[in-house]
Amino acid sequence: MKIAVYCSSRSDINPDFIHSAQIIGNNIGLLKATLIYGGMDFGLMKIVALSAKSSGGRIVGVVPRTHISQQLEFNDETVIAEDLSDRKSKIMAMSDLFIVLPGGYGTLDEFFTTLAHLSFTNDNSKTIIILNRNNFYDQTLLQLQVMIDNAMMNPDVMQRIKVVTTVEECCNIVMQQHKYLNSVK
């Protein structure tokens with residue numbers, strides 16, 4: 001199973017978000033899954049990657065060519081992307097499941113691009129999990145509802161998204177997807 005994690009590249013953030021990233025990474029590693037992520041040596045990206053690797057997972061960093069010097073040296077594989085659009089495309093193509101941890105506008109961009117791509121391609125085999133820890137994504141989710149209420153978005157799109165508030169809920173969905181993907185092989 002290949003799991004994409006979208007998250008902050010910042011390090012000076014709420015310790016609860018750091019702890020959540022550690023647990024998610026650890027869970028990915030314990031499943032012997034592959035983490036697909038932004039590949040950088042800082043922020044939650046580094047935390048989730050090192051946690052996944054130390055627990056037995058494989059980590060694949062998708063790094064823009066212009067930032068190759070900032071990649072995490074422990075990546076099992078580095079995939080070079082020409083730019084951020086190419087990075088998102090590669091991550092989406094390689095991943096079976098997407099987890100959105102707290103992050104900034106880059107994380108929101110990755111989430112919305114993935115949601116739009118899955119909807120446009122009608123790919124129902126992949127799920128997006130949003131960890132709405134400490135109500136971090138309340139306003140984003142509210143905006144999605146505003147778009148639905150104003151007929152700017154099909155409400156069925158929300159079926160692609162699983163919103164959870166705890167790391168345990170997130171890990172349970174990952175485990176269910178892992179079992180499902182192993183059963184269809």
# chains A, B, ... in the order shown; residues from 1 in each chain; ligands from 1
>>> residues_around(residues="Leu101 in chain A", least_positions_apart="2", cutoff="10 Å", atoms="only C-alpha atoms", output="MDAnalysis selection string")
chainID A and resid 5:8 17:18 20:21 24 44:45 98:99 103:104 107:108 111 129:133 136:137 167
>>> residues_around(residues="range 79-87 of chain A", least_positions_apart="2", cutoff="12 Å", atoms="only C-alpha atoms", output="PyMOL selection string")
chain A and resi 4+6+36-40+59-69+71+75-77+89-94+106-107+109-110+113-114
>>> write_last_selection(atoms="N, CA and C atoms", output="compact mmCIF listing (two decimals), in the first residue's frame")
# COMPACT_ATOMS: atom_id res chain seq x y z
N ALA A 4 0.02 8.58 0.56
CA ALA A 4 0.51 9.96 0.46
C ALA A 4 0.11 10.71 1.72
N TYR A 6 0.06 14.65 3.01
CA TYR A 6 0.23 16.08 2.75
C TYR A 6 0.27 16.77 4.11
N ILE A 36 4.49 8.11 0.57
CA ILE A 36 4.78 8.99 -0.56
C ILE A 36 4.57 10.40 -0.02
N TYR A 37 5.61 11.23 -0.09
CA TYR A 37 5.49 12.56 0.52
C TYR A 37 6.40 13.55 -0.20
N GLY A 38 6.39 14.79 0.26
CA GLY A 38 7.14 15.86 -0.39
C GLY A 38 8.64 15.76 -0.34
N GLY A 39 9.17 14.84 0.45
CA GLY A 39 10.58 14.49 0.41
C GLY A 39 11.55 15.41 1.09
N MET A 40 11.08 16.43 1.79
CA MET A 40 11.97 17.45 2.32
C MET A 40 12.43 17.14 3.75
N ILE A 59 10.09 4.91 2.44
CA ILE A 59 9.71 6.30 2.18
C ILE A 59 10.21 6.74 0.81
N VAL A 60 9.27 7.33 0.08
CA VAL A 60 9.57 7.86 -1.25
C VAL A 60 9.28 9.35 -1.22
N GLY A 61 10.33 10.13 -1.43
CA GLY A 61 10.19 11.58 -1.47
C GLY A 61 10.08 12.07 -2.90
N VAL A 62 9.09 12.90 -3.17
CA VAL A 62 8.92 13.50 -4.49
C VAL A 62 9.36 14.96 -4.36
N VAL A 63 10.55 15.25 -4.90
CA VAL A 63 11.23 16.51 -4.63
C VAL A 63 11.37 17.33 -5.91
N PRO A 64 10.97 18.60 -5.86
CA PRO A 64 11.20 19.46 -7.02
C PRO A 64 12.70 19.59 -7.31
N ARG A 65 13.04 19.57 -8.57
CA ARG A 65 14.45 19.65 -8.99
C ARG A 65 15.17 20.84 -8.33
N THR A 66 14.48 21.96 -8.19
CA THR A 66 15.10 23.16 -7.63
C THR A 66 15.39 23.05 -6.13
N HIS A 67 14.84 22.01 -5.47
CA HIS A 67 15.02 21.86 -4.02
C HIS A 67 15.72 20.55 -3.66
N ILE A 68 16.39 19.94 -4.60
CA ILE A 68 17.00 18.63 -4.37
C ILE A 68 18.00 18.67 -3.21
N SER A 69 18.66 19.80 -3.00
CA SER A 69 19.64 19.91 -1.91
C SER A 69 18.98 19.89 -0.53
N GLN A 71 16.40 17.78 0.25
CA GLN A 71 15.68 16.52 0.45
C GLN A 71 16.16 15.81 1.71
N ASN A 75 15.55 9.19 2.54
CA ASN A 75 14.57 8.67 1.58
C ASN A 75 15.08 7.37 0.98
N ASP A 76 14.20 6.36 0.91
CA ASP A 76 14.57 5.11 0.23
C ASP A 76 14.64 5.33 -1.27
N GLU A 77 13.81 6.24 -1.72
CA GLU A 77 13.80 6.60 -3.14
C GLU A 77 13.44 8.07 -3.25
N SER A 89 1.23 15.72 -9.38
CA SER A 89 0.83 14.68 -10.34
C SER A 89 1.49 13.35 -10.02
N LYS A 90 2.77 13.39 -9.71
CA LYS A 90 3.50 12.16 -9.40
C LYS A 90 2.99 11.53 -8.10
N ILE A 91 2.79 12.35 -7.09
CA ILE A 91 2.28 11.83 -5.82
C ILE A 91 0.91 11.19 -6.02
N MET A 92 0.03 11.86 -6.77
CA MET A 92 -1.31 11.30 -6.99
C MET A 92 -1.25 9.98 -7.76
N ALA A 93 -0.40 9.91 -8.75
CA ALA A 93 -0.29 8.69 -9.57
C ALA A 93 0.26 7.52 -8.77
N MET A 94 1.14 7.78 -7.83
CA MET A 94 1.80 6.70 -7.08
C MET A 94 1.00 6.21 -5.88
N GLY A 106 0.21 25.30 0.86
CA GLY A 106 0.72 24.21 0.03
C GLY A 106 -0.04 22.93 0.28
N THR A 107 -0.34 22.66 1.55
CA THR A 107 -1.12 21.47 1.90
C THR A 107 -2.54 21.58 1.36
N ASP A 109 -3.42 23.28 -1.26
CA ASP A 109 -3.28 23.11 -2.70
C ASP A 109 -3.22 21.63 -3.06
N GLU A 110 -2.43 20.87 -2.31
CA GLU A 110 -2.32 19.43 -2.58
C GLU A 110 -3.66 18.73 -2.37
N THR A 113 -6.15 19.86 -5.20
CA THR A 113 -5.75 19.28 -6.48
C THR A 113 -6.09 17.80 -6.53
N THR A 114 -5.84 17.10 -5.42
CA THR A 114 -6.16 15.67 -5.37
C THR A 114 -7.66 15.45 -5.43
>>> select_by_dssp(residues="chain A", states="alpha helix (DSSP H)", output="PyMOL selection string")
chain A and resi 15-30+43-54+84-94+105-121+138-149+167-183
>>> residues_around(residues="Lys162 in chain A", least_positions_apart="3", cutoff="12 Å", atoms="only C-alpha atoms", output="compact mmCIF listing (two decimals) with all heavy atoms, in the first residue's frame")
# COMPACT_ATOMS: atom_id res chain seq x y z
N LEU A 97 -3.90 6.04 -1.23
CA LEU A 97 -4.66 6.69 -0.18
C LEU A 97 -3.95 8.00 0.15
O LEU A 97 -2.72 8.09 0.04
CB LEU A 97 -4.68 5.78 1.06
CG LEU A 97 -5.32 6.28 2.35
CD1 LEU A 97 -6.84 6.36 2.19
CD2 LEU A 97 -4.98 5.36 3.51
N PHE A 98 -4.73 9.01 0.57
CA PHE A 98 -4.17 10.33 0.87
C PHE A 98 -4.57 10.75 2.27
O PHE A 98 -5.75 10.66 2.63
CB PHE A 98 -4.68 11.36 -0.14
CG PHE A 98 -4.40 10.96 -1.57
CD1 PHE A 98 -5.31 10.18 -2.27
CD2 PHE A 98 -3.21 11.33 -2.19
CE1 PHE A 98 -5.05 9.78 -3.57
CE2 PHE A 98 -2.95 10.93 -3.49
CZ PHE A 98 -3.86 10.15 -4.18
N ILE A 99 -3.59 11.21 3.04
CA ILE A 99 -3.85 11.73 4.38
C ILE A 99 -3.45 13.20 4.39
O ILE A 99 -2.34 13.54 3.98
CB ILE A 99 -3.07 10.96 5.46
CG1 ILE A 99 -3.46 9.48 5.47
CG2 ILE A 99 -3.30 11.60 6.84
CD1 ILE A 99 -2.62 8.62 6.39
N VAL A 100 -4.37 14.05 4.86
CA VAL A 100 -4.10 15.48 4.95
C VAL A 100 -3.94 15.83 6.43
O VAL A 100 -4.91 15.79 7.19
CB VAL A 100 -5.24 16.31 4.31
CG1 VAL A 100 -4.93 17.80 4.40
CG2 VAL A 100 -5.50 15.87 2.88
N LEU A 115 -8.42 16.23 -4.69
CA LEU A 115 -9.88 16.11 -4.71
C LEU A 115 -10.42 16.36 -6.12
O LEU A 115 -11.25 15.60 -6.62
CB LEU A 115 -10.51 17.08 -3.71
CG LEU A 115 -12.03 17.05 -3.62
CD1 LEU A 115 -12.54 15.69 -3.15
CD2 LEU A 115 -12.51 18.17 -2.67
N LYS A 126 -9.76 5.54 -4.55
CA LYS A 126 -8.85 6.23 -3.64
C LYS A 126 -9.63 7.16 -2.71
O LYS A 126 -10.59 7.80 -3.13
CB LYS A 126 -7.80 7.02 -4.42
CG LYS A 126 -6.92 6.12 -5.29
CD LYS A 126 -5.89 6.91 -6.05
CE LYS A 126 -5.04 5.98 -6.92
NZ LYS A 126 -3.96 6.71 -7.60
N THR A 127 -9.18 7.23 -1.48
CA THR A 127 -9.84 8.02 -0.45
C THR A 127 -8.89 9.09 0.08
O THR A 127 -7.69 8.88 0.13
CB THR A 127 -10.26 7.10 0.73
OG1 THR A 127 -11.18 6.12 0.23
CG2 THR A 127 -10.92 7.87 1.85
N ILE A 128 -9.46 10.20 0.50
CA ILE A 128 -8.72 11.26 1.16
C ILE A 128 -9.18 11.31 2.62
O ILE A 128 -10.38 11.42 2.88
CB ILE A 128 -8.97 12.63 0.51
CG1 ILE A 128 -8.59 12.61 -0.97
CG2 ILE A 128 -8.22 13.73 1.26
CD1 ILE A 128 -9.04 13.85 -1.73
N ILE A 129 -8.23 11.23 3.53
CA ILE A 129 -8.54 11.37 4.96
C ILE A 129 -8.03 12.74 5.40
O ILE A 129 -6.86 13.07 5.19
CB ILE A 129 -7.84 10.29 5.81
CG1 ILE A 129 -8.20 8.89 5.34
CG2 ILE A 129 -8.18 10.47 7.29
CD1 ILE A 129 -7.34 7.79 5.95
N ILE A 130 -8.90 13.52 6.01
CA ILE A 130 -8.48 14.81 6.58
C ILE A 130 -8.45 14.65 8.10
O ILE A 130 -9.46 14.33 8.72
CB ILE A 130 -9.46 15.94 6.21
CG1 ILE A 130 -9.45 16.18 4.71
CG2 ILE A 130 -9.10 17.22 6.97
CD1 ILE A 130 -10.42 17.25 4.26
N LEU A 131 -7.28 14.86 8.68
CA LEU A 131 -7.17 14.87 10.14
C LEU A 131 -7.47 16.30 10.61
O LEU A 131 -6.63 17.19 10.52
CB LEU A 131 -5.78 14.43 10.60
CG LEU A 131 -5.58 14.42 12.12
CD1 LEU A 131 -6.58 13.50 12.81
CD2 LEU A 131 -4.16 14.03 12.46
N ASN A 132 -8.68 16.49 11.07
CA ASN A 132 -9.14 17.80 11.53
C ASN A 132 -8.84 17.96 13.02
O ASN A 132 -9.72 18.21 13.83
CB ASN A 132 -10.64 17.96 11.24
CG ASN A 132 -11.13 19.37 11.47
OD1 ASN A 132 -10.36 20.31 11.40
ND2 ASN A 132 -12.41 19.51 11.77
N LEU A 141 -13.67 22.98 5.67
CA LEU A 141 -14.85 22.12 5.52
C LEU A 141 -16.12 22.95 5.42
O LEU A 141 -17.03 22.61 4.65
CB LEU A 141 -14.92 21.13 6.69
CG LEU A 141 -13.74 20.15 6.77
CD1 LEU A 141 -13.74 19.42 8.10
CD2 LEU A 141 -13.78 19.17 5.60
N VAL A 157 -19.17 14.65 -4.06
CA VAL A 157 -17.71 14.78 -3.95
C VAL A 157 -17.26 14.53 -2.52
O VAL A 157 -16.19 13.97 -2.27
CB VAL A 157 -17.26 16.16 -4.45
CG1 VAL A 157 -15.80 16.43 -4.13
CG2 VAL A 157 -17.50 16.29 -5.95
N MET A 158 -18.09 14.90 -1.55
CA MET A 158 -17.73 14.74 -0.14
C MET A 158 -17.58 13.27 0.25
O MET A 158 -16.95 12.97 1.26
CB MET A 158 -18.75 15.44 0.75
CG MET A 158 -18.75 16.95 0.60
SD MET A 158 -17.14 17.72 0.92
CE MET A 158 -17.01 17.51 2.67
N GLN A 159 -18.14 12.36 -0.54
CA GLN A 159 -17.99 10.93 -0.24
C GLN A 159 -16.55 10.46 -0.42
O GLN A 159 -16.17 9.41 0.08
CB GLN A 159 -18.94 10.10 -1.09
CG GLN A 159 -20.38 10.35 -0.75
CD GLN A 159 -21.34 9.62 -1.66
OE1 GLN A 159 -20.95 8.80 -2.47
NE2 GLN A 159 -22.62 9.92 -1.51
N THR A 165 -11.16 13.41 13.63
CA THR A 165 -10.61 14.38 14.58
C THR A 165 -9.50 13.78 15.43
O THR A 165 -8.80 14.53 16.11
CB THR A 165 -11.72 14.94 15.49
OG1 THR A 165 -12.34 13.85 16.18
CG2 THR A 165 -12.75 15.71 14.69
N THR A 166 -9.35 12.46 15.38
CA THR A 166 -8.30 11.83 16.18
C THR A 166 -7.38 11.01 15.29
O THR A 166 -7.77 10.53 14.23
CB THR A 166 -8.89 10.90 17.27
OG1 THR A 166 -9.49 9.76 16.64
CG2 THR A 166 -9.91 11.63 18.15
N GLU A 169 -8.72 7.43 14.80
CA GLU A 169 -9.69 7.28 13.71
C GLU A 169 -8.98 7.21 12.37
O GLU A 169 -9.34 6.40 11.51
CB GLU A 169 -10.67 8.46 13.69
CG GLU A 169 -11.64 8.51 14.85
CD GLU A 169 -12.44 9.80 14.82
OE1 GLU A 169 -11.85 10.88 15.01
OE2 GLU A 169 -13.67 9.71 14.59
N CYS A 170 -7.99 8.06 12.19
CA CYS A 170 -7.23 8.07 10.94
C CYS A 170 -6.55 6.72 10.73
O CYS A 170 -6.64 6.12 9.65
CB CYS A 170 -6.20 9.20 10.97
SG CYS A 170 -5.23 9.34 9.47
N CYS A 171 -5.88 6.24 11.76
CA CYS A 171 -5.17 4.96 11.66
C CYS A 171 -6.14 3.80 11.40
O CYS A 171 -5.79 2.86 10.67
CB CYS A 171 -4.34 4.71 12.91
SG CYS A 171 -2.93 5.84 13.06
N ASN A 172 -7.33 3.86 11.96
CA ASN A 172 -8.34 2.81 11.72
C ASN A 172 -8.75 2.78 10.25
O ASN A 172 -8.90 1.70 9.66
CB ASN A 172 -9.56 3.00 12.61
CG ASN A 172 -9.31 2.60 14.04
OD1 ASN A 172 -8.40 1.82 14.33
ND2 ASN A 172 -10.10 3.14 14.95
N ILE A 173 -8.94 3.95 9.64
CA ILE A 173 -9.30 3.99 8.22
C ILE A 173 -8.14 3.47 7.37
O ILE A 173 -8.35 2.71 6.42
CB ILE A 173 -9.71 5.41 7.80
CG1 ILE A 173 -11.00 5.82 8.50
CG2 ILE A 173 -9.87 5.50 6.27
CD1 ILE A 173 -11.38 7.27 8.32
N VAL A 174 -6.92 3.85 7.73
CA VAL A 174 -5.75 3.36 7.00
C VAL A 174 -5.70 1.83 7.08
O VAL A 174 -5.47 1.15 6.07
CB VAL A 174 -4.45 3.99 7.54
CG1 VAL A 174 -3.22 3.32 6.94
CG2 VAL A 174 -4.43 5.49 7.26
>>> select_by_dssp(residues="chain A", states="strand (DSSP E)", output="PyMOL selection string")
chain A and resi 2-6+34-37+58-64+77-81+97-100+127-131+161-164
>>> closest_residue(among="A:Ser183, A:Phe74, A:Arg160, A:Ile13", to="Asn124 in chain A", atoms="only C-alpha atoms")
A:Arg160
>>> decode(residues="range 46-129 of chain A", atoms="C-alpha atoms", output="PDB file, in the first residue's frame")
ATOM      1  CA  LYS A  46      10.475  15.045   8.044  1.00  0.00           C
ATOM      2  CA  ILE A  47       8.656  13.884  11.188  1.00  0.00           C
ATOM      3  CA  VAL A  48       6.199  11.604   9.386  1.00  0.00           C
ATOM      4  CA  ALA A  49       8.955  10.211   7.133  1.00  0.00           C
ATOM      5  CA  LEU A  50      11.418   9.398   9.910  1.00  0.00           C
ATOM      6  CA  SER A  51       8.616   7.827  11.978  1.00  0.00           C
ATOM      7  CA  ALA A  52       7.497   5.666   9.055  1.00  0.00           C
ATOM      8  CA  LYS A  53      11.043   4.569   8.258  1.00  0.00           C
ATOM      9  CA  SER A  54      11.986   3.801  11.876  1.00  0.00           C
ATOM     10  CA  SER A  55       8.895   1.570  12.160  1.00  0.00           C
ATOM     11  CA  GLY A  56       9.696  -0.499   9.075  1.00  0.00           C
ATOM     12  CA  GLY A  57       8.078   1.468   6.261  1.00  0.00           C
ATOM     13  CA  ARG A  58       9.568   2.582   2.997  1.00  0.00           C
ATOM     14  CA  ILE A  59       9.710   6.299   2.182  1.00  0.00           C
ATOM     15  CA  VAL A  60       9.565   7.855  -1.251  1.00  0.00           C
ATOM     16  CA  GLY A  61      10.191  11.582  -1.475  1.00  0.00           C
ATOM     17  CA  VAL A  62       8.924  13.502  -4.489  1.00  0.00           C
ATOM     18  CA  VAL A  63      11.233  16.507  -4.630  1.00  0.00           C
ATOM     19  CA  PRO A  64      11.200  19.463  -7.019  1.00  0.00           C
ATOM     20  CA  ARG A  65      14.448  19.651  -8.987  1.00  0.00           C
ATOM     21  CA  THR A  66      15.099  23.161  -7.629  1.00  0.00           C
ATOM     22  CA  HIS A  67      15.015  21.861  -4.025  1.00  0.00           C
ATOM     23  CA  ILE A  68      17.004  18.632  -4.368  1.00  0.00           C
ATOM     24  CA  SER A  69      19.638  19.910  -1.908  1.00  0.00           C
ATOM     25  CA  GLN A  70      16.926  20.090   0.786  1.00  0.00           C
ATOM     26  CA  GLN A  71      15.682  16.524   0.454  1.00  0.00           C
ATOM     27  CA  LEU A  72      15.665  14.171   3.426  1.00  0.00           C
ATOM     28  CA  GLU A  73      18.810  12.069   3.194  1.00  0.00           C
ATOM     29  CA  PHE A  74      16.990   8.978   4.499  1.00  0.00           C
ATOM     30  CA  ASN A  75      14.565   8.671   1.581  1.00  0.00           C
ATOM     31  CA  ASP A  76      14.574   5.114   0.234  1.00  0.00           C
ATOM     32  CA  GLU A  77      13.800   6.598  -3.142  1.00  0.00           C
ATOM     33  CA  THR A  78      13.744  10.128  -4.458  1.00  0.00           C
ATOM     34  CA  VAL A  79      11.564  10.974  -7.425  1.00  0.00           C
ATOM     35  CA  ILE A  80      12.548  14.224  -9.108  1.00  0.00           C
ATOM     36  CA  ALA A  81       9.702  16.560 -10.063  1.00  0.00           C
ATOM     37  CA  GLU A  82      10.142  19.438 -12.495  1.00  0.00           C
ATOM     38  CA  ASP A  83       7.931  21.773 -10.456  1.00  0.00           C
ATOM     39  CA  LEU A  84       5.133  21.721  -7.877  1.00  0.00           C
ATOM     40  CA  SER A  85       2.478  20.722 -10.426  1.00  0.00           C
ATOM     41  CA  ASP A  86       4.620  17.783 -11.516  1.00  0.00           C
ATOM     42  CA  ARG A  87       5.191  16.861  -7.867  1.00  0.00           C
ATOM     43  CA  LYS A  88       1.444  16.716  -7.188  1.00  0.00           C
ATOM     44  CA  SER A  89       0.828  14.677 -10.340  1.00  0.00           C
ATOM     45  CA  LYS A  90       3.496  12.160  -9.402  1.00  0.00           C
ATOM     46  CA  ILE A  91       2.280  11.830  -5.821  1.00  0.00           C
ATOM     47  CA  MET A  92      -1.315  11.303  -6.994  1.00  0.00           C
ATOM     48  CA  ALA A  93      -0.295   8.693  -9.568  1.00  0.00           C
ATOM     49  CA  MET A  94       1.798   6.703  -7.078  1.00  0.00           C
ATOM     50  CA  SER A  95      -0.597   6.713  -4.116  1.00  0.00           C
ATOM     51  CA  ASP A  96      -3.496   4.494  -3.050  1.00  0.00           C
ATOM     52  CA  LEU A  97      -4.660   6.693  -0.175  1.00  0.00           C
ATOM     53  CA  PHE A  98      -4.168  10.328   0.868  1.00  0.00           C
ATOM     54  CA  ILE A  99      -3.854  11.729   4.380  1.00  0.00           C
ATOM     55  CA  VAL A 100      -4.101  15.481   4.950  1.00  0.00           C
ATOM     56  CA  LEU A 101      -2.416  16.603   8.167  1.00  0.00           C
ATOM     57  CA  PRO A 102      -2.329  20.225   9.329  1.00  0.00           C
ATOM     58  CA  GLY A 103      -0.474  22.477   6.935  1.00  0.00           C
ATOM     59  CA  GLY A 104      -0.489  25.769   5.115  1.00  0.00           C
ATOM     60  CA  TYR A 105      -1.523  26.848   1.641  1.00  0.00           C
ATOM     61  CA  GLY A 106       0.717  24.214   0.029  1.00  0.00           C
ATOM     62  CA  THR A 107      -1.121  21.471   1.905  1.00  0.00           C
ATOM     63  CA  LEU A 108      -4.471  22.970   0.908  1.00  0.00           C
ATOM     64  CA  ASP A 109      -3.282  23.110  -2.705  1.00  0.00           C
ATOM     65  CA  GLU A 110      -2.321  19.426  -2.577  1.00  0.00           C
ATOM     66  CA  PHE A 111      -5.660  18.497  -1.011  1.00  0.00           C
ATOM     67  CA  PHE A 112      -7.781  20.455  -3.491  1.00  0.00           C
ATOM     68  CA  THR A 113      -5.748  19.283  -6.483  1.00  0.00           C
ATOM     69  CA  THR A 114      -6.156  15.668  -5.367  1.00  0.00           C
ATOM     70  CA  LEU A 115      -9.875  16.106  -4.710  1.00  0.00           C
ATOM     71  CA  ALA A 116     -10.381  17.721  -8.126  1.00  0.00           C
ATOM     72  CA  HIS A 117      -8.302  15.049  -9.861  1.00  0.00           C
ATOM     73  CA  LEU A 118     -10.133  12.131  -8.251  1.00  0.00           C
ATOM     74  CA  SER A 119     -13.478  13.751  -9.050  1.00  0.00           C
ATOM     75  CA  PHE A 120     -12.539  14.614 -12.631  1.00  0.00           C
ATOM     76  CA  THR A 121     -11.193  11.126 -13.342  1.00  0.00           C
ATOM     77  CA  ASN A 122     -14.040   9.525 -11.386  1.00  0.00           C
ATOM     78  CA  ASP A 123     -11.489   7.445  -9.477  1.00  0.00           C
ATOM     79  CA  ASN A 124     -13.528   5.920  -6.666  1.00  0.00           C
ATOM     80  CA  SER A 125     -10.746   3.573  -5.582  1.00  0.00           C
ATOM     81  CA  LYS A 126      -8.849   6.234  -3.636  1.00  0.00           C
ATOM     82  CA  THR A 127      -9.836   8.024  -0.445  1.00  0.00           C
ATOM     83  CA  ILE A 128      -8.717  11.259   1.163  1.00  0.00           C
ATOM     84  CA  ILE A 129      -8.538  11.373   4.961  1.00  0.00           C
TER      85      ILE A 129
END
